[in-house]
Amino acid sequence: GEGREAEGFAWWPEAHLLDPYAPLVEGRREWGARDARERFAPGEGGSAWRGTFDFDGPAFDWGEGYARPAVPWDQLVIYECSVRLMTASPTSGVASDRRGTFLGLADKAPYLQGLGVTAVELLPVFEWDELELQRAPNPRDHMVNTWGYSTLSFFAPMQRLGTRGSSPAEAARQFKEMVRRLHAHGIEVILDVVYNHTAEGGDPDAPPVSFRGIDQPGYYMMEDTPKGPRCMNFSGCGNTLNANAPLGQELVLDSLRHWVEEYHVDGFRFDLASALCRDARGRPLPAPPLIRAI
């Protein structure tokens, strides 16, 4: 393309983009508290997010005799919860430095087992910006996004669900420790995953964070309008992932494999799965390639 909107592309020469395949993401270190690292600029796209890697850390030790629970489907008793909200209150009985974190949820494994729970279904744990509503003035700019249905990265655990000040690598290890502890109590881990849209929205004036700046018409469903190509909005969040095109389909499948192989996740709940059953122009498909591949 020749610019920001030509031919549906949305690249900004001055924008630093987040690698869609980065296994870890460096953003802010503390929940809901801005720091210099994120270089927040109101009205200019919000915060900066950087992909990173853990080259020096030792391999996670899942423990001798470790095994996944492999609970039969007819014995599943699923407990749905938010990692943060499950233990954020002092009434959770979790130590103050672990409340609202992966390790805080791990500490509740005996409690959940006592209830007869055999699987937890976690609200989104992929990296998201809990302060996204403060990017620009709007009626909700006093709110914090606690639920996480606004994905920045499909591969990285949410850094601020680690204990206070955790690096991306430390948060990832704590996620694995949570899974290990839950598995030790016979509890599977199911993730609520949001592949139908991303946090980039659909406003053509908003700077791209990742996918839009790399290949907007490749990653998103697009339509022609009198003002030029625009993202289609079947998600209600400004854009819709083009999940049945090669680029989007490969992204989703690689992400699912990553969470199973690297983090030992046992299953997934697909948010707004109907959006994953459309073609590049938003038309429902009788046999969506992504669904067949999954």
# chains A, B, ... in the order shown; residues from 1 in each chain; ligands from 1
>>> select_by_dssp(residues="range 4-91 of chain A", states="strand (DSSP E)", output="list in words")
Leu24, Val25, Glu26, Arg50, Gly51, Thr52, Ile78, Tyr79, Glu80 and Cys81 of chain A
>>> residues_around(residues="range 215-231 of chain A", least_positions_apart="5", cutoff="6 Å", atoms="only C-alpha atoms", output="list in words")
Gly8, Phe9, Gly202, Asn239, Thr240, Leu241, Asn242, Gly248 and Ala280 of chain A
>>> write_last_selection(atoms="all heavy atoms", output="mmCIF file, in the first residue's frame")
data_model
loop_
_atom_site.group_PDB
_atom_site.id
_atom_site.type_symbol
_atom_site.label_atom_id
_atom_site.label_comp_id
_atom_site.auth_asym_id
_atom_site.auth_seq_id
_atom_site.Cartn_x
_atom_site.Cartn_y
_atom_site.Cartn_z
ATOM 1 N N GLY A 8 -6.483 -0.981 2.024
ATOM 2 C CA GLY A 8 -6.853 -1.688 3.242
ATOM 3 C C GLY A 8 -5.730 -1.890 4.224
ATOM 4 O O GLY A 8 -5.931 -2.458 5.303
ATOM 5 N N PHE A 9 -4.517 -1.456 3.898
ATOM 6 C CA PHE A 9 -3.397 -1.616 4.829
ATOM 7 C C PHE A 9 -3.421 -0.502 5.867
ATOM 8 O O PHE A 9 -3.952 0.578 5.633
ATOM 9 C CB PHE A 9 -2.068 -1.624 4.076
ATOM 10 C CG PHE A 9 -1.896 -2.858 3.237
ATOM 11 C CD1 PHE A 9 -2.189 -2.849 1.879
ATOM 12 C CD2 PHE A 9 -1.460 -4.036 3.817
ATOM 13 C CE1 PHE A 9 -2.034 -3.988 1.109
ATOM 14 C CE2 PHE A 9 -1.306 -5.187 3.055
ATOM 15 C CZ PHE A 9 -1.595 -5.161 1.704
ATOM 16 N N GLY A 202 -11.279 -1.173 15.505
ATOM 17 C CA GLY A 202 -11.468 -0.985 14.070
ATOM 18 C C GLY A 202 -11.382 0.456 13.634
ATOM 19 O O GLY A 202 -11.647 0.784 12.477
ATOM 20 N N ASN A 239 -13.382 -5.275 15.228
ATOM 21 C CA ASN A 239 -12.769 -6.062 14.156
ATOM 22 C C ASN A 239 -13.136 -7.524 14.328
ATOM 23 O O ASN A 239 -13.684 -7.928 15.362
ATOM 24 C CB ASN A 239 -11.245 -5.872 14.137
ATOM 25 C CG ASN A 239 -10.570 -6.362 15.414
ATOM 26 O OD1 ASN A 239 -10.700 -7.530 15.800
ATOM 27 N ND2 ASN A 239 -9.826 -5.488 16.084
ATOM 28 N N THR A 240 -12.851 -8.324 13.314
ATOM 29 C CA THR A 240 -13.098 -9.765 13.362
ATOM 30 C C THR A 240 -11.925 -10.471 12.704
ATOM 31 O O THR A 240 -11.551 -10.143 11.567
ATOM 32 C CB THR A 240 -14.392 -10.152 12.615
ATOM 33 O OG1 THR A 240 -15.462 -9.294 13.040
ATOM 34 C CG2 THR A 240 -14.759 -11.600 12.893
ATOM 35 N N LEU A 241 -11.316 -11.409 13.418
ATOM 36 C CA LEU A 241 -10.181 -12.141 12.865
ATOM 37 C C LEU A 241 -10.611 -12.936 11.639
ATOM 38 O O LEU A 241 -11.650 -13.604 11.646
ATOM 39 C CB LEU A 241 -9.610 -13.097 13.919
ATOM 40 C CG LEU A 241 -8.272 -13.748 13.556
ATOM 41 C CD1 LEU A 241 -7.141 -12.734 13.615
ATOM 42 C CD2 LEU A 241 -7.977 -14.916 14.505
ATOM 43 N N ASN A 242 -9.802 -12.878 10.594
ATOM 44 C CA ASN A 242 -10.058 -13.629 9.359
ATOM 45 C C ASN A 242 -9.559 -15.061 9.559
ATOM 46 O O ASN A 242 -8.552 -15.481 8.987
ATOM 47 C CB ASN A 242 -9.337 -12.938 8.191
ATOM 48 C CG ASN A 242 -9.804 -13.429 6.839
ATOM 49 O OD1 ASN A 242 -10.720 -14.245 6.738
ATOM 50 N ND2 ASN A 242 -9.168 -12.929 5.794
ATOM 51 N N GLY A 248 -4.764 -16.320 9.308
ATOM 52 C CA GLY A 248 -5.498 -16.412 10.558
ATOM 53 C C GLY A 248 -5.626 -17.824 11.061
ATOM 54 O O GLY A 248 -5.508 -18.094 12.269
ATOM 55 N N ALA A 280 -13.756 -14.665 4.446
ATOM 56 C CA ALA A 280 -13.099 -13.365 4.511
ATOM 57 C C ALA A 280 -14.066 -12.199 4.352
ATOM 58 O O ALA A 280 -13.774 -11.083 4.777
ATOM 59 C CB ALA A 280 -12.006 -13.283 3.446
#
>>> atom_distance(atom1="CA of Ser82 in chain A", atom2="CA of Trp147 in chain A")
6.9 Å
>>> closest_atom_pairs(of="range 10-51 of chain A", to="range 169-183 of chain A", cutoff="10 Å", atoms="only C-alpha atoms", output="CSV")
residue,atom,partner,partner_atom,distance
A:Pro23,CA,A:Ala169,CA,9.4
A:Leu24,CA,A:Ala169,CA,6.9
A:Val25,CA,A:Ala169,CA,8.9
A:Glu26,CA,A:Ala169,CA,9.3
>>> atom_distance(atom1="CA of Leu276 in chain A", atom2="CA of Asp129 in chain A")
23.1 Å
>>> atom_distance(atom1="CA of Leu191 in chain A", atom2="CA of Gly46 in chain A")
27.0 Å
>>> closest_residue(among="A:Ala70, A:Ala15, A:Ala273, A:Val193", to="Leu123 in chain A", atoms="only C-alpha atoms")
A:Val193
>>> closest_residue(among="A:Ala95, A:Ala243, A:Leu133, A:Ala119", to="Asn196 in chain A", atoms="only C-alpha atoms")
A:Ala243
>>> closest_atom_pairs(of="range 229-269 of chain A", to="range 17-22 of chain A", cutoff="10 Å", atoms="only C-alpha atoms", output="JSON lines")
{"residue": "A:Leu251", "atom": "CA", "partner": "A:Tyr21", "partner_atom": "CA", "distance": 8.2}
{"residue": "A:Asp254", "atom": "CA", "partner": "A:Tyr21", "partner_atom": "CA", "distance": 8.9}
{"residue": "A:Ser255", "atom": "CA", "partner": "A:Tyr21", "partner_atom": "CA", "distance": 8.4}
>>> write_last_selection(atoms="C-alpha atoms", output="compact mmCIF listing (two decimals), in the first residue's frame")
# COMPACT_ATOMS: atom_id res chain seq x y z
CA LEU A 251 -2.16 -18.29 13.88
CA ASP A 254 -0.19 -22.51 16.36
CA SER A 255 -1.52 -20.74 19.45
